[in-house]
Amino acid sequence: MTQPIDLDDEHPEFRLDSEGVNTQTIPVTLGTPVVGGGVAVLEHHRGDLPSEDIRVAALKATLERHRGERQIVLLQDFPDPDALSGAWAYQLIAKQYNINCDLVYAGALSHQENIALVKLTGLPTKKIASANLKEKDLANYQGCVLIDNQGTTCQLLEPVRQAGIPIVVIIDHHSLQEDLNAEFVDIRPSTRATATILTQYLQAGLLKLDSSISEHVKCATALMHGLRSDTNRLMQAQEEDFLAAGYLSRFYDAQLLNAVLQVYRSKRVMEVIQRSLTNRVVQNNFSIAGVGYLRYEDRDAIPQAADFLVTEENVHTAVVYGIVRDEDDEVELVIGSLRTSKLTLDPDEFIKEAFGKNSEGRFFGGGRFTAGGFEIPVGFLCGFNDNTEFSKLKWEVFDNQIKQKLLKLVNPTDSY
């Protein structure tokens with residue numbers, strides 16, 4: 001039986017809280033019984049991160065406590081290289097504790113590089129439509145893990161919650177979205193990539209990478225791609241990102257990474273970029289563009305269009321959005337992406353202020369350093385109509401409403 005420890009003596013930065021934690025703190029539960037029966041929580045003082053040794057010990061303790069279980073690792077609906085690679089790294093780390101993990105997402109891999117990454121590396125992830133996720137399918141899981149998200153961009157979290165599966169681990173670099181109850185939480189908004197966080201756990205010895213093991217080489221390659229992707233080809237990287245990249249350089253396959261990167265934009269993506277150029281409105285160095293209706297599988301054309309628009313002269317921030325139709329589930333969503341080169345603009349704050357929360361108190365979007373996104377259900381007007389005029393009017397309503405909300409922040413002195 002594990003003996004209780006008094007964290008107040010060994011780590012004075014810990015406090016005991018038997019009721020929970022303030023949403024402004026970043027909790028890291030060590031998973032070890034604490035004298036007094038409280039919960040061991042590490043405060044997030046003045047933006048300082050907990051020491052690496054404590055984080056590693058906490059994650060080790062959590063994994064040890066769940067040895068031999070099966071976990072479902074939830075990715076955002078449209079996972080990017082950072083999410084895909086980070087989830088794979090977690091899966092390999094968990095395997096050391098005889099924990100089997102399934103990496104799943106509900107949306108689609110629509111970005112060409114993401115498709116290439118999964119196909120060329122054999123990255124073990126699979127799509128599960130939320131409507132098809134039955135309670136019997138979830139009965140095999142003893143825990144849930146969130147990597148590179150906090151559930152706000154994942155349709156699968158709700159059925160997992162309804163099935164009573166506890167959230168065991170959250171590892172993310174986006175700003176805190178909501179107060180989730182999990183055993184281990186490592187959320188670092190100041191870190192550029194979740195791939196960097198997972199690489200640090202590898203460096204700390206949770207998994208010893210071996211260049212003679214193909215799976216390790218491919219995962220290291222994926223992590224290098226995820227790190228590179230979320231730091232704009234390392235141009236926005238910090239010291240910790242370069243250190244992580246230096247470590248991965250011993251194991252990754254440069255030719256494989258080059259093959260992933262040597263993909264071409266599809267014709268449909270080019271058409272969306274063309275629409276964003278035609279429809280853009282530029283004010284106060286913001287470029288705002290609605291691109292109309294898109295198929296569900298073309299959703300990743302929106303962030304690619306935002307990436308393109310932000311390169312225009314005298315533009316520091318681009319927002320691109322459209323109505324995405326999922327004909328299989330008969331769902332319509334307004335999906336948008338923000339890209340910025342302005343260091344003083346916080347995408348998370350900007351998007352949350354622009355669009356606010358839904359009726360359940362969850363924000364419609366959020367962000368991280370230089371990038372953000374949002375998803376807004378079309379609601380009552382959702383549905384397909386053969387009447388071209390109706391579809392046109394519906395788009396005009398949402399286009400005008402979104403532009404109005406964005407321009408209120410771009411030009412706060414003007415009235416709309």
# chains A, B, ... in the order shown; residues from 1 in each chain; ligands from 1
>>> select_by_dssp(residues="stretch 157-336 of chain A", states="alpha helix (DSSP H)", output="number ranges by chain")
A: 157-162, 194-201, 214-230, 239-248, 254-261, 267-279, 301-309
>>> residues_around(residues="stretch 319-328 of chain A", least_positions_apart="4", cutoff="9 Å", atoms="only C-alpha atoms", output="PyMOL selection string")
chain A and resi 276+280+286-299+302-303+305-306+309-310+332-340+373-374+378+383-384+395+398-399+402+406
>>> closest_atom_pairs(of="stretch 276-348 of chain A", to="stretch 172-190 of chain A", cutoff="12 Å", atoms="only C-alpha atoms", output="CSV")
residue,atom,partner,partner_atom,distance
A:Asp346,CA,A:Ser175,CA,10.0
A:Pro347,CA,A:Ser175,CA,9.8
A:Asp348,CA,A:Ser175,CA,6.9
>>> closest_residue(among="A:Ala204, A:Ala222, A:Gln155, A:Ala89", to="A:Ala57", atoms="only C-alpha atoms")
A:Ala204
>>> closest_residue(among="A:Asn132, A:Asn411, A:Thr317, A:Gln401", to="A:Ala371", atoms="only C-alpha atoms")
A:Thr317
>>> select_by_dssp(residues="stretch 147-356 of chain A", states="strand (DSSP E or B)", output="ChimeraX atom specification")
/A:147,167-172,182-187,281-283,286-295,317-326,331-340
>>> closest_residue(among="A:Leu227, A:Val73, A:Ala259, A:Met270", to="A:Leu156", atoms="only C-alpha atoms")
A:Val73
>>> residues_around(residues="A:Thr221", least_positions_apart="3", cutoff="12 Å", atoms="only C-alpha atoms", output="ChimeraX atom specification")
/A:81-82,84-86,88-89,117-118,120-123,195,199,209,211,214-218,224-228,245,247-261
>>> residues_around(residues="A:Ser341", least_positions_apart="5", cutoff="10 Å", atoms="only C-alpha atoms", output="list of chain:residue names")
A:Gln236, A:Val310, A:Thr311, A:Val315, A:His316, A:Thr317, A:Ala318, A:Phe369, A:Thr370, A:Ala371
>>> write_last_selection(atoms="N, CA, C and O atoms", output="compact mmCIF listing (two decimals), in the first residue's frame")
# COMPACT_ATOMS: atom_id res chain seq x y z
N GLN A 236 8.98 31.19 -34.74
CA GLN A 236 8.41 31.72 -33.51
C GLN A 236 8.73 30.82 -32.33
O GLN A 236 8.10 30.88 -31.28
N VAL A 310 -2.70 36.51 -44.13
CA VAL A 310 -1.91 37.24 -43.16
C VAL A 310 -0.55 37.65 -43.73
O VAL A 310 0.17 38.46 -43.12
N THR A 311 -0.21 37.13 -44.90
CA THR A 311 1.07 37.50 -45.53
C THR A 311 0.95 38.77 -46.38
O THR A 311 1.94 39.24 -46.92
N VAL A 315 -0.98 43.96 -43.40
CA VAL A 315 -1.96 43.14 -42.66
C VAL A 315 -1.22 42.37 -41.58
O VAL A 315 -0.24 41.68 -41.86
N HIS A 316 -1.66 42.52 -40.34
CA HIS A 316 -1.02 41.74 -39.25
C HIS A 316 -1.93 40.63 -38.73
O HIS A 316 -1.47 39.70 -38.07
N THR A 317 -3.24 40.68 -39.04
CA THR A 317 -4.17 39.66 -38.55
C THR A 317 -5.19 39.33 -39.63
O THR A 317 -5.74 40.23 -40.27
N ALA A 318 -5.41 38.03 -39.83
CA ALA A 318 -6.41 37.58 -40.81
C ALA A 318 -7.40 36.64 -40.14
O ALA A 318 -7.01 35.78 -39.35
N PHE A 369 -0.78 31.20 -29.04
CA PHE A 369 0.11 32.21 -29.59
C PHE A 369 0.01 32.25 -31.11
O PHE A 369 0.22 31.25 -31.79
N THR A 370 -0.37 33.39 -31.68
CA THR A 370 -0.46 33.71 -33.12
C THR A 370 -1.62 33.04 -33.84
O THR A 370 -1.81 33.29 -35.03
N ALA A 371 -2.41 32.19 -33.20
CA ALA A 371 -3.47 31.48 -33.93
C ALA A 371 -4.66 31.19 -33.04
O ALA A 371 -4.55 31.08 -31.82
>>> closest_residue(among="A:Thr152, A:Asn232, A:Asn114, A:Gln71", to="A:Phe363", atoms="only C-alpha atoms")
A:Thr152
>>> atom_distance(atom1="atom CA of A:Gly68", atom2="atom CA of A:Asn100")
7.5 Å
>>> atom_distance(atom1="atom CA of A:Leu75", atom2="atom CA of A:Thr191")
18.6 Å
>>> closest_residue(among="A:Glu135, A:Glu64, A:Asp80, A:Glu353", to="A:Asp230", atoms="only C-alpha atoms")
A:Asp80
>>> closest_residue(among="A:Ile128, A:Ala237, A:Leu63, A:Ala106", to="A:Val168", atoms="only C-alpha atoms")
A:Leu63
>>> atom_distance(atom1="atom CA of A:Phe308", atom2="atom CA of A:Ile273")
7.4 Å
